[in-house]
file entry.txt (compact mmCIF, C-alpha atoms)
# COMPACT_ATOMS: atom_id res chain seq x y z
CA MET E 1 49.07 -113.78 -40.56
CA PRO E 2 46.72 -111.79 -42.76
CA GLY E 3 46.94 -108.00 -42.63
CA ARG E 4 44.00 -106.17 -41.09
CA SER E 5 41.58 -104.59 -43.53
CA PRO E 6 41.76 -100.79 -43.51
CA SER E 7 38.74 -98.65 -42.74
CA GLN E 8 36.97 -96.44 -45.28
CA THR E 9 34.26 -93.85 -44.85
CA VAL E 10 30.64 -94.96 -44.57
CA GLY E 11 29.92 -92.30 -47.22
CA PRO E 12 26.72 -90.35 -47.84
CA TYR E 13 24.47 -93.23 -48.94
CA TYR E 14 24.66 -95.75 -46.09
CA ALA E 15 21.03 -95.00 -45.27
CA ILE E 16 19.89 -97.46 -47.93
CA ALA E 17 21.28 -100.28 -45.79
CA LEU E 18 22.46 -99.57 -42.27
CA PRO E 19 19.63 -97.95 -40.32
CA TRP E 20 17.46 -100.76 -39.02
CA LYS E 21 13.76 -100.73 -38.32
CA ASP E 22 13.40 -99.57 -34.71
CA GLY E 23 17.20 -99.43 -34.55
CA GLY E 24 17.03 -96.64 -31.99
CA ARG E 25 15.03 -98.78 -29.56
CA VAL E 26 17.47 -100.92 -27.63
CA THR E 27 16.10 -104.28 -26.44
CA GLY E 28 17.24 -106.91 -23.94
CA CYS E 29 18.24 -104.52 -21.16
CA SER E 30 16.16 -104.00 -18.04
CA GLY E 31 16.20 -101.05 -15.71
CA GLU E 32 15.14 -97.45 -15.61
CA ARG E 33 14.09 -96.18 -19.06
CA VAL E 34 16.56 -93.77 -20.64
CA VAL E 35 15.98 -91.56 -23.68
CA LEU E 36 19.18 -90.05 -25.03
CA GLU E 37 19.00 -87.19 -27.52
CA GLY E 38 21.67 -84.99 -28.97
CA HIS E 39 23.14 -83.31 -32.00
CA ILE E 40 26.24 -84.27 -33.95
CA LEU E 41 28.10 -81.05 -34.77
CA ASP E 42 31.06 -80.38 -37.04
CA GLY E 43 34.06 -78.08 -36.57
CA ALA E 44 32.03 -75.07 -37.68
CA GLY E 45 29.30 -75.88 -35.17
CA GLN E 46 26.98 -76.99 -37.98
CA PRO E 47 24.80 -80.07 -37.53
CA VAL E 48 25.95 -83.22 -39.31
CA PRO E 49 22.82 -84.55 -41.01
CA ASP E 50 24.39 -87.73 -42.39
CA ALA E 51 25.86 -89.33 -39.27
CA LEU E 52 25.10 -92.81 -37.99
CA VAL E 53 25.18 -93.38 -34.23
CA GLU E 54 25.61 -96.81 -32.66
CA THR E 55 25.40 -97.59 -28.95
CA TRP E 56 26.44 -100.69 -27.06
CA GLN E 57 25.79 -101.94 -23.54
CA ALA E 58 25.85 -105.50 -22.24
CA PRO E 59 22.33 -106.93 -22.38
CA ASP E 60 20.81 -108.74 -19.41
CA ARG E 61 22.54 -112.00 -18.68
CA GLY E 62 20.74 -114.89 -20.30
CA ALA E 63 18.61 -112.68 -22.55
CA ALA E 64 17.34 -114.96 -25.32
CA PRO E 65 17.89 -113.65 -28.85
CA SER E 66 15.08 -111.43 -30.01
CA LYS E 67 12.55 -113.09 -32.30
CA ASP E 68 13.55 -111.02 -35.32
CA GLY E 69 17.28 -111.58 -34.75
CA LYS E 70 17.97 -107.93 -33.91
CA PRO E 71 20.81 -107.85 -31.40
CA HIS E 72 20.11 -106.98 -27.78
CA GLY E 73 21.96 -104.14 -26.14
CA PHE E 74 22.73 -102.52 -29.49
CA GLY E 75 21.32 -99.29 -30.86
CA ARG E 76 21.83 -97.96 -34.37
CA VAL E 77 20.17 -94.83 -35.65
CA SER E 78 20.73 -92.09 -38.21
CA ALA E 79 20.84 -88.46 -37.21
CA ASP E 80 17.98 -86.53 -38.85
CA ALA E 81 18.30 -83.54 -41.18
CA SER E 82 19.03 -81.30 -38.18
CA GLY E 83 21.79 -83.62 -36.93
CA LEU E 84 19.61 -84.88 -34.07
CA PHE E 85 19.74 -88.51 -32.95
CA ARG E 86 17.58 -90.33 -30.40
CA ILE E 87 18.24 -93.61 -28.60
CA GLU E 88 15.74 -95.27 -26.24
CA THR E 89 17.21 -97.79 -23.88
CA ALA E 90 17.54 -98.81 -20.23
CA MET E 91 20.06 -97.40 -17.78
CA PRO E 92 23.30 -99.31 -18.36
CA ALA E 93 24.53 -101.52 -15.53
CA GLY E 94 27.58 -100.75 -13.42
CA PRO E 95 28.59 -98.29 -10.71
CA VAL E 96 29.25 -95.46 -13.21
CA PRO E 97 26.82 -96.24 -16.03
CA TYR E 98 27.78 -95.44 -19.61
CA LEU E 99 27.09 -96.45 -23.19
CA ASP E 100 29.81 -97.20 -25.71
CA VAL E 101 29.14 -94.96 -28.72
CA THR E 102 30.36 -95.21 -32.31
CA ILE E 103 29.96 -92.35 -34.79
CA LEU E 104 30.16 -92.92 -38.54
CA ALA E 105 29.74 -90.30 -41.26
CA ARG E 106 30.81 -89.07 -44.63
CA GLY E 107 34.14 -87.35 -44.03
CA LEU E 108 35.15 -89.80 -41.29
CA LEU E 109 37.65 -92.19 -42.85
CA ARG E 110 37.32 -94.34 -39.74
CA HIS E 111 34.53 -94.48 -37.16
CA LEU E 112 34.98 -92.59 -33.91
CA HIS E 113 34.60 -94.31 -30.57
CA THR E 114 33.42 -92.50 -27.46
CA ARG E 115 31.34 -92.97 -24.30
CA VAL E 116 28.36 -91.22 -22.78
CA TYR E 117 28.07 -91.38 -18.99
CA PHE E 118 24.87 -91.12 -16.96
CA ALA E 119 26.38 -90.04 -13.66
CA ASP E 120 27.54 -86.87 -11.99
CA GLU E 121 30.98 -85.58 -12.84
CA ALA E 122 32.60 -86.52 -9.53
CA ARG E 123 31.72 -90.18 -10.04
CA VAL E 124 32.88 -90.16 -13.67
CA ARG E 125 36.21 -88.65 -12.59
CA GLY E 126 36.61 -91.62 -10.28
CA ASP E 127 36.18 -94.17 -13.09
CA ALA E 128 39.59 -95.80 -13.60
CA ALA E 129 38.85 -96.34 -17.31
CA VAL E 130 39.10 -92.60 -17.93
CA ALA E 131 42.01 -91.97 -15.55
CA PRO E 132 44.00 -90.04 -18.22
CA LEU E 133 41.17 -87.46 -18.15
CA ALA E 134 40.76 -87.30 -14.37
CA SER E 135 41.96 -83.69 -14.16
CA SER E 136 40.94 -82.61 -17.67
CA PRO E 137 38.05 -80.23 -18.37
CA ARG E 138 37.43 -82.34 -21.50
CA LEU E 139 35.97 -85.12 -19.35
CA ALA E 140 32.73 -83.13 -19.23
CA THR E 141 32.21 -83.85 -22.95
CA LEU E 142 31.43 -87.47 -22.01
CA ILE E 143 28.64 -86.72 -19.57
CA ALA E 144 24.96 -86.55 -20.51
CA ARG E 145 22.86 -83.77 -18.99
CA LYS E 146 19.61 -84.79 -17.36
CA ALA E 147 16.83 -82.82 -19.06
CA ALA E 148 13.86 -84.47 -17.30
CA ALA E 149 13.09 -87.73 -15.56
CA GLY E 150 14.56 -90.44 -17.79
CA GLU E 151 15.58 -87.94 -20.48
CA TYR E 152 19.17 -87.02 -21.21
CA ARG E 153 20.89 -84.63 -23.61
CA TRP E 154 24.33 -85.19 -25.03
CA ASP E 155 25.85 -83.40 -28.03
CA VAL E 156 28.86 -84.70 -29.92
CA ARG E 157 31.32 -82.13 -31.29
CA LEU E 158 33.56 -83.73 -33.85
CA GLN E 159 36.11 -80.93 -33.91
CA GLY E 160 37.08 -77.60 -32.38
CA GLU E 161 35.85 -75.86 -29.26
CA GLY E 162 34.37 -78.37 -26.85
CA GLU E 163 35.57 -81.26 -29.02
CA THR E 164 34.24 -84.52 -27.64
CA VAL E 165 36.81 -86.95 -26.27
CA PHE E 166 37.30 -89.88 -28.65
CA PHE E 167 39.10 -93.05 -27.70
CA ALA E 168 41.64 -95.13 -29.56
CA ALA E 169 39.78 -98.23 -30.65
CA MET R 1 51.35 -88.27 -40.39
CA ASN R 2 49.84 -86.95 -37.20
CA ASP R 3 48.99 -88.48 -33.86
CA MET R 4 45.62 -89.60 -35.18
CA THR R 5 47.31 -92.19 -37.32
CA ARG R 6 47.01 -95.64 -35.91
CA PRO R 7 50.33 -97.11 -34.87
CA ASP R 8 50.24 -100.04 -37.26
CA ALA R 9 49.71 -97.81 -40.31
CA THR R 10 46.67 -99.68 -41.55
CA ASP R 11 43.87 -97.13 -41.32
CA PRO R 12 43.68 -93.71 -42.96
CA PRO R 13 44.27 -90.64 -40.80
CA TYR R 14 41.12 -88.74 -39.84
CA LEU R 15 42.36 -85.57 -41.49
CA TYR R 16 43.18 -86.11 -45.16
CA PRO R 17 43.11 -82.81 -47.07
CA GLY R 18 42.61 -84.50 -50.44
CA TYR R 19 39.21 -85.70 -49.16
CA ARG R 20 37.54 -82.38 -48.47
CA SER R 21 34.80 -83.62 -46.16
CA THR R 22 37.43 -84.51 -43.54
CA ALA R 23 38.29 -80.82 -43.02
CA LEU R 24 35.50 -80.02 -40.54
CA ARG R 25 34.82 -83.53 -39.29
CA ALA R 26 38.26 -84.86 -38.30
CA PRO R 27 38.94 -84.48 -34.57
CA LYS R 28 41.95 -82.29 -33.79
CA GLN R 29 42.68 -83.65 -30.32
CA ALA R 30 44.65 -86.87 -29.90
CA LEU R 31 42.62 -90.00 -29.26
CA VAL R 32 42.62 -91.05 -25.60
CA GLN R 33 43.72 -94.57 -24.69
CA LEU R 34 41.34 -96.76 -22.73
CA PRO R 35 42.92 -99.49 -20.58
CA ALA R 36 44.05 -102.46 -22.67
CA GLY R 37 41.22 -104.86 -23.46
CA THR R 38 38.43 -102.39 -22.61
CA LEU R 39 36.82 -102.84 -26.04
CA ASP R 40 37.66 -106.52 -26.31
CA ILE R 41 34.37 -107.55 -24.75
CA PRO R 42 31.41 -109.55 -26.05
CA PHE R 43 29.47 -107.50 -28.59
CA ALA R 44 26.12 -107.34 -30.35
CA ARG R 45 25.03 -110.75 -31.58
CA VAL R 46 22.69 -110.86 -34.52
CA GLY R 47 20.33 -113.84 -34.66
CA ALA R 48 19.96 -115.82 -37.90
CA ALA R 49 16.33 -114.64 -38.15
CA PHE R 50 17.63 -111.15 -38.90
CA VAL R 51 18.61 -112.20 -42.41
CA GLY R 52 15.94 -113.20 -44.95
CA LYS R 53 16.34 -116.00 -47.47
CA ASP R 54 17.17 -113.79 -50.47
CA ASP R 55 18.91 -110.97 -48.63
CA ASN R 56 22.27 -112.02 -50.11
CA ASP R 57 20.96 -111.99 -53.70
CA LEU R 58 20.70 -108.35 -54.75
CA THR R 59 19.50 -109.37 -58.22
CA VAL R 60 16.10 -110.61 -57.02
CA HIS R 61 14.98 -107.63 -54.94
CA GLY R 62 13.01 -106.01 -57.78
CA LYS R 63 9.35 -106.96 -57.94
CA HIS R 64 9.07 -107.27 -61.70
CA GLY R 65 12.44 -108.19 -63.13
CA ALA R 66 16.19 -108.46 -62.98
CA PRO R 67 18.61 -105.52 -62.77
CA LEU R 68 20.76 -104.37 -65.66
CA GLY R 69 24.51 -104.83 -65.40
CA GLU R 70 27.27 -107.36 -65.21
CA ARG R 71 26.13 -110.14 -62.88
CA MET R 72 28.74 -111.13 -60.30
CA ILE R 73 29.11 -113.51 -57.40
CA LEU R 74 31.19 -112.23 -54.51
CA THR R 75 32.55 -114.69 -51.99
CA GLY R 76 35.15 -114.45 -49.26
CA ARG R 77 35.91 -115.04 -45.63
CA LEU R 78 35.65 -112.92 -42.52
CA LEU R 79 38.74 -113.53 -40.39
CA ASP R 80 40.65 -112.04 -37.50
CA GLU R 81 44.32 -111.12 -37.60
CA SER R 82 45.40 -114.57 -36.48
CA GLY R 83 43.46 -116.07 -39.36
CA ARG R 84 40.59 -117.43 -37.26
CA PRO R 85 37.17 -117.35 -38.91
CA ILE R 86 34.55 -114.97 -37.50
CA ARG R 87 31.59 -117.31 -37.38
CA GLN R 88 27.88 -116.56 -37.64
CA SER R 89 28.51 -112.85 -37.98
CA LEU R 90 26.51 -110.25 -39.87
CA VAL R 91 27.87 -108.89 -43.17
CA GLU R 92 26.02 -105.89 -44.63
CA ILE R 93 26.76 -104.39 -48.05
CA TRP R 94 25.43 -101.49 -50.11
CA GLN R 95 26.36 -100.18 -53.54
CA ALA R 96 25.44 -98.13 -56.61
CA ASN R 97 23.67 -99.78 -59.52
CA ALA R 98 25.44 -100.67 -62.79
CA SER R 99 25.03 -97.07 -63.99
CA GLY R 100 26.66 -95.62 -60.90
CA ARG R 101 23.52 -94.39 -59.13
CA TYR R 102 22.45 -95.17 -55.57
CA HIS R 103 18.84 -95.89 -54.70
CA HIS R 104 19.04 -92.97 -52.27
CA VAL R 105 17.10 -89.71 -52.31
CA GLY R 106 20.31 -87.72 -51.85
CA ASP R 107 21.98 -89.13 -54.96
CA GLN R 108 21.25 -86.63 -57.75
CA HIS R 109 23.76 -88.00 -60.25
CA ASP R 110 22.15 -87.91 -63.70
CA ALA R 111 22.38 -91.63 -64.34
CA PRO R 112 19.32 -93.88 -64.48
CA LEU R 113 17.88 -95.52 -61.42
CA ASP R 114 17.20 -99.21 -61.95
CA PRO R 115 13.75 -100.15 -60.62
CA HIS R 116 15.01 -103.70 -60.22
CA PHE R 117 18.03 -102.86 -58.09
CA HIS R 118 18.03 -101.44 -54.57
CA GLY R 119 21.68 -102.09 -53.79
CA LEU R 120 21.61 -103.47 -50.26
CA GLY R 121 22.43 -106.97 -49.06
CA ARG R 122 22.87 -108.90 -45.83
CA THR R 123 24.15 -112.30 -44.92
CA MET R 124 25.60 -114.25 -42.00
CA THR R 125 29.01 -115.89 -42.23
CA ASP R 126 29.05 -119.66 -41.88
CA ASP R 127 31.15 -121.65 -39.41
CA GLU R 128 34.23 -121.16 -41.61
CA GLY R 129 33.65 -117.39 -41.77
CA ARG R 130 32.51 -117.60 -45.40
CA TYR R 131 29.97 -115.30 -47.00
CA ARG R 132 28.45 -115.09 -50.51
CA PHE R 133 26.52 -112.41 -52.39
CA MET R 134 24.99 -112.32 -55.86
CA THR R 135 24.88 -108.80 -57.27
CA VAL R 136 25.80 -106.69 -60.31
CA LYS R 137 29.05 -104.81 -60.71
CA PRO R 138 28.54 -101.22 -59.49
CA GLY R 139 29.27 -98.33 -61.85
CA SER R 140 31.61 -95.42 -61.21
CA TYR R 141 30.03 -92.06 -60.47
CA PRO R 142 31.14 -88.44 -60.18
CA TRP R 143 31.28 -86.64 -56.83
CA PRO R 144 31.91 -83.01 -55.97
CA ASN R 145 35.25 -83.41 -54.14
CA HIS R 146 37.37 -81.84 -56.90
CA ALA R 147 37.22 -81.16 -60.65
CA ASN R 148 36.16 -84.26 -62.59
CA ALA R 149 36.28 -86.48 -59.51
CA TRP R 150 34.94 -90.00 -60.09
CA ARG R 151 34.81 -92.76 -57.50
CA PRO R 152 36.34 -96.09 -58.52
CA GLN R 153 33.82 -98.93 -58.64
CA HIS R 154 33.23 -100.12 -55.08
CA ILE R 155 30.96 -101.99 -52.72
CA HIS R 156 30.52 -100.78 -49.12
CA PHE R 157 30.88 -103.31 -46.29
CA SER R 158 29.84 -103.15 -42.63
CA LEU R 159 31.07 -105.78 -40.15
CA LEU R 160 30.27 -106.08 -36.45
CA GLY R 161 32.69 -108.85 -35.51
CA ASN R 162 32.70 -110.41 -32.03
CA ALA R 163 33.91 -107.42 -30.00
CA PRO R 164 33.59 -103.63 -30.30
CA VAL R 165 37.32 -103.49 -31.10
CA GLN R 166 36.55 -105.38 -34.32
CA ARG R 167 33.87 -103.02 -35.68
CA LEU R 168 34.73 -102.15 -39.27
CA VAL R 169 33.12 -100.19 -42.09
CA THR R 170 35.05 -100.26 -45.33
CA GLN R 171 34.83 -100.39 -49.13
CA MET R 172 35.86 -103.10 -51.58
CA TYR R 173 37.42 -102.15 -54.92
CA PHE R 174 38.07 -103.98 -58.20
CA PRO R 175 41.40 -104.99 -59.70
CA GLY R 176 42.82 -102.82 -62.46
CA ASP R 177 40.51 -99.85 -61.90
CA PRO R 178 42.39 -96.79 -63.25
CA LEU R 179 40.44 -94.49 -60.90
CA LEU R 180 42.09 -96.01 -57.81
CA ALA R 181 45.25 -93.95 -58.40
CA LEU R 182 43.15 -90.76 -58.45
CA ASP R 183 40.74 -91.46 -55.60
CA PRO R 184 41.56 -89.62 -52.33
CA ILE R 185 39.40 -91.95 -50.26
CA TYR R 186 41.36 -94.99 -51.42
CA GLN R 187 44.67 -93.11 -51.44
CA SER R 188 44.13 -92.01 -47.82
CA ILE R 189 45.01 -95.57 -46.75
CA PRO R 190 48.72 -96.02 -46.03
CA GLU R 191 50.70 -97.60 -48.80
CA GLY R 192 51.09 -101.33 -48.24
CA ALA R 193 47.63 -101.65 -46.69
CA ARG R 194 45.35 -100.20 -49.36
CA GLU R 195 45.76 -103.15 -51.72
CA ARG R 196 43.95 -105.29 -49.11
CA LEU R 197 40.70 -103.66 -50.20
CA ILE R 198 40.97 -104.86 -53.81
CA CYS R 199 39.10 -108.07 -54.54
CA ARG R 200 40.49 -110.62 -56.96
CA LEU R 201 38.91 -112.22 -59.96
CA ASP R 202 37.94 -115.79 -59.07
CA LEU R 203 36.32 -117.50 -62.04
CA ASP R 204 35.74 -120.63 -59.96
CA ALA R 205 33.50 -118.66 -57.61
CA GLY R 206 31.32 -117.63 -60.54
CA VAL R 207 28.82 -119.63 -62.57
CA GLU R 208 29.75 -120.49 -66.13
CA ASN R 209 27.74 -118.59 -68.76
CA PHE R 210 25.96 -116.70 -65.99
CA ALA R 211 28.03 -114.66 -63.53
CA LEU R 212 31.64 -113.60 -62.96
CA GLY R 213 33.22 -114.56 -59.66
CA TYR R 214 35.21 -112.35 -57.31
CA HIS R 215 36.86 -113.14 -53.98
CA PHE R 216 37.36 -110.72 -51.09
CA ASP R 217 38.58 -111.62 -47.60
CA ILE R 218 38.04 -109.19 -44.74
CA VAL R 219 40.37 -109.20 -41.75
CA LEU R 220 39.22 -107.66 -38.46
CA ALA R 221 41.40 -106.74 -35.50
CA GLY R 222 42.31 -109.64 -33.25
CA ALA R 223 40.07 -110.15 -30.24
CA LYS R 224 39.97 -112.61 -27.39
CA SER R 225 36.24 -112.35 -27.07
CA THR R 226 34.09 -115.11 -28.44
CA PRO R 227 30.49 -114.53 -29.41
CA LEU R 228 28.10 -113.90 -26.59
CA GLY R 229 26.21 -117.08 -25.81
CA ILE R 230 28.23 -119.35 -28.11

call {"tool": "encode", "arguments": {"input": "entry.txt", "output": "structure tokens"}}
result
Amino acid sequence: MPGRSPSQTVGPYYAIALPWKDGGRVTGCSGERVVLEGHILDGAGQPVPDALVETWQAPDRGAAPSKDGKPHGFGRVSADASGLFRIETAMPAGPVPYLDVTILARGLLRHLHTRVYFADEARVRGDAAVAPLASSPRLATLIARKAAAGEYRWDVRLQGEGETVFFAA
Amino acid sequence: MNDMTRPDATDPPYLYPGYRSTALRAPKQALVQLPAGTLDIPFARVGAAFVGKDDNDLTVHGKHGAPLGERMILTGRLLDESGRPIRQSLVEIWQANASGRYHHVGDQHDAPLDPHFHGLGRTMTDDEGRYRFMTVKPGSYPWPNHANAWRPQHIHFSLLGNAPVQRLVTQMYFPGDPLLALDPIYQSIPEGARERLICRLDLDAGVENFALGYHFDIVLAGAKSTPLGI
């Protein structure tokens, strides 16, 4: 049995390869339009301008591959100079909708895995997947705030006060 | 070792003081466990149309000529931990040019840019999990982590795999590089696992009188999921 390959940081120069054209516009998912915006912040509360954010949700069943081969249900976008990222997608399916989120950056020797929920806190607390957090105030770090119709805000704090919950992955 | 270290001692810890950028970016709270199998689900599938004909030949991306440097052919397989090939899966790479400079606005290292080298490549694995790139050997370059810090020669890799649990971003190194012993990013990997990121010379993978060959296998976490729609 071969040994698993260890992770290494994405480094500061991934932008020559990883951000895709229209990577922040998720395709292949139907439903209410959702725009998700937020900042990635470090342990000093400073924006992280060189982070890559990936989102995943199951695309519609039977969705044919997109013409240009870009995967459905998948978002990949760089934060801008102010640490702001923006993903445009459709409301994920399921009773307590969420996106799987991966954060990569210089200084992260392995990616971080988290979730962003689009539901009120009571419903998220009832989600069996996050049962270990059911009575934790930290659960709130996984919930997007509705800013306007179809627009959500969600900041990711890598470290320190209000540190986002990250999952073993 | 802290509770951020993965139980099988393969990945680096998030906080590694020798690599300064981890200081304010490593989470301090323990990772939370999701129920077993939660991330072993079908994942993003890239269609073959995503990859252009010459995307795996980094030596032909200049408009008016070939890049400087030591031409090399890099082949290998993408596997899971039980040795099964990861088929029809996207492999993305990026690297510095032969002088140790990235084609990136943020790279201010005083080494020449090569107008004939952009340093990014893509390919899909075949049904045996094999991939192949033509490129030039990247140069070492200094970075501001500590006094006289130089990165060992390396090529960055990004792999999606078949399930979110298999997502991997890593770096490939070269055999015999004396900078490996001094590089905190490489040294952050637990002993016994770090050597897996060193490719091996494979003259048979090269082309006589034209390009050196190297071989590098990448092993992703095991997953039950098979590709969506296959």

call {"tool": "interface_residues", "arguments": {"input": "entry.txt", "of": "chain E", "to": "chain R", "cutoff": "6 Å", "atoms": "only C-alpha atoms", "output": "VMD selection string"}}
result
chain E and resid 1 to 2 4 to 8 17 42 to 43 68 to 71 74 107 109 129 158 to 159 166 to 169

call {"tool": "atom_distance", "arguments": {"input": "entry.txt", "atom1": "CA of Lys21 (chain E)", "atom2": "CA of Val77 (chain E)"}}
result
9.1 Å

call {"tool": "closest_residue", "arguments": {"input": "entry.txt", "among": "E:Pro92, E:Gly11, E:Gly28, E:Pro97", "to": "Ser66 (chain E)", "atoms": "only C-alpha atoms"}}
result
E:Gly28

call {"tool": "closest_residue", "arguments": {"input": "entry.txt", "among": "E:Gly24, E:Gly160, E:Gly126, E:Pro49", "to": "Ala81 (chain E)", "atoms": "all atoms listed in the file"}}
result
E:Pro49

call {"tool": "closest_residue", "arguments": {"input": "entry.txt", "among": "E:Thr89, E:Thr114, E:Thr141, E:Ser82", "to": "Asp22 (chain E)", "atoms": "only C-alpha atoms"}}
result
E:Thr89

call {"tool": "atom_distance", "arguments": {"input": "entry.txt", "atom1": "CA of Asp100 (chain E)", "atom2": "CA of Gln57 (chain E)"}}
result
6.6 Å

call {"tool": "atom_distance", "arguments": {"input": "entry.txt", "atom1": "CA of Tyr131 (chain R)", "atom2": "CA of Arg25 (chain E)"}}
result
28.3 Å

call {"tool": "residues_around", "arguments": {"input": "entry.txt", "residues": "Ala79 (chain E)", "least_positions_apart": "3", "cutoff": "12 Å", "atoms": "all atoms listed in the file", "output": "MDAnalysis selection string"}}
result
chainID E and resid 15 19 23:24 37:41 47:54 76 82:87 103:105 155:156

call {"tool": "residues_around", "arguments": {"input": "entry.txt", "residues": "Leu180 (chain R)", "least_positions_apart": "6", "cutoff": "10 Å", "atoms": "only C-alpha atoms", "output": "JSON, numbers by chain"}}
result
{"R": [150, 151, 152, 153, 173, 174, 186, 187, 194, 198]}

call {"tool": "closest_residue", "arguments": {"input": "entry.txt", "among": "R:Arg130, R:Lys224, R:Arg200, R:Arg101", "to": "Leu78 (chain R)", "atoms": "all atoms listed in the file"}}
result
R:Arg130

call {"tool": "closest_residue", "arguments": {"input": "entry.txt", "among": "E:Gly45, E:Pro137, E:Gly150, E:Pro95", "to": "Arg123 (chain E)", "atoms": "only C-alpha atoms"}}
result
E:Pro95

call {"tool": "decode", "arguments": {"input": "entry.txt", "residues": "region 37-88 of chain E", "atoms": "C-alpha atoms", "output": "compact mmCIF listing (two decimals), in the first residue's frame"}}
result
# COMPACT_ATOMS: atom_id res chain seq x y z
CA GLU E 37 -19.38 37.49 0.00
CA GLY E 38 -16.95 37.66 2.86
CA HIS E 39 -13.47 38.42 4.06
CA ILE E 40 -10.74 35.99 5.03
CA LEU E 41 -9.07 37.36 8.17
CA ASP E 42 -5.92 36.29 10.00
CA GLY E 43 -5.19 36.06 13.73
CA ALA E 44 -4.51 39.79 13.91
CA GLY E 45 -7.82 40.57 12.23
CA GLN E 46 -6.02 41.60 9.04
CA PRO E 47 -7.42 40.59 5.65
CA VAL E 48 -5.68 37.72 3.89
CA PRO E 49 -5.19 38.95 0.33
CA ASP E 50 -3.68 35.73 -1.04
CA ALA E 51 -6.31 33.14 -0.11
CA LEU E 52 -8.09 30.81 -2.50
CA VAL E 53 -11.66 29.80 -1.68
CA GLU E 54 -13.32 26.71 -3.12
CA THR E 55 -16.97 25.73 -2.65
CA TRP E 56 -18.71 22.46 -3.36
CA GLN E 57 -22.36 21.44 -3.56
CA ALA E 58 -23.89 18.52 -5.43
CA PRO E 59 -25.02 19.70 -8.86
CA ASP E 60 -28.48 18.88 -10.21
CA ARG E 61 -28.92 15.20 -10.88
CA GLY E 62 -28.23 14.39 -14.49
CA ALA E 63 -26.59 17.74 -15.24
CA ALA E 64 -24.59 17.20 -18.43
CA PRO E 65 -20.97 18.34 -18.27
CA SER E 66 -20.55 21.98 -19.15
CA LYS E 67 -19.35 22.65 -22.69
CA ASP E 68 -15.99 24.00 -21.56
CA GLY E 69 -15.40 21.13 -19.13
CA LYS E 70 -15.63 23.33 -16.04
CA PRO E 71 -17.09 21.23 -13.24
CA HIS E 72 -20.64 21.83 -12.08
CA GLY E 73 -21.33 22.57 -8.45
CA PHE E 74 -17.77 23.78 -7.87
CA GLY E 75 -16.63 27.32 -7.19
CA ARG E 76 -13.03 28.49 -7.03
CA VAL E 77 -12.06 32.10 -6.56
CA SER E 78 -9.20 34.18 -5.17
CA ALA E 79 -9.77 36.72 -2.45
CA ASP E 80 -8.96 40.22 -3.70
CA ALA E 81 -6.37 42.61 -2.24
CA SER E 82 -8.76 43.43 0.62
CA GLY E 83 -9.28 39.73 1.43
CA LEU E 84 -12.79 39.77 -0.05
CA PHE E 85 -14.15 36.78 -1.97
CA ARG E 86 -17.41 36.42 -3.89
CA ILE E 87 -19.21 33.26 -5.00
CA GLU E 88 -22.38 33.27 -7.12
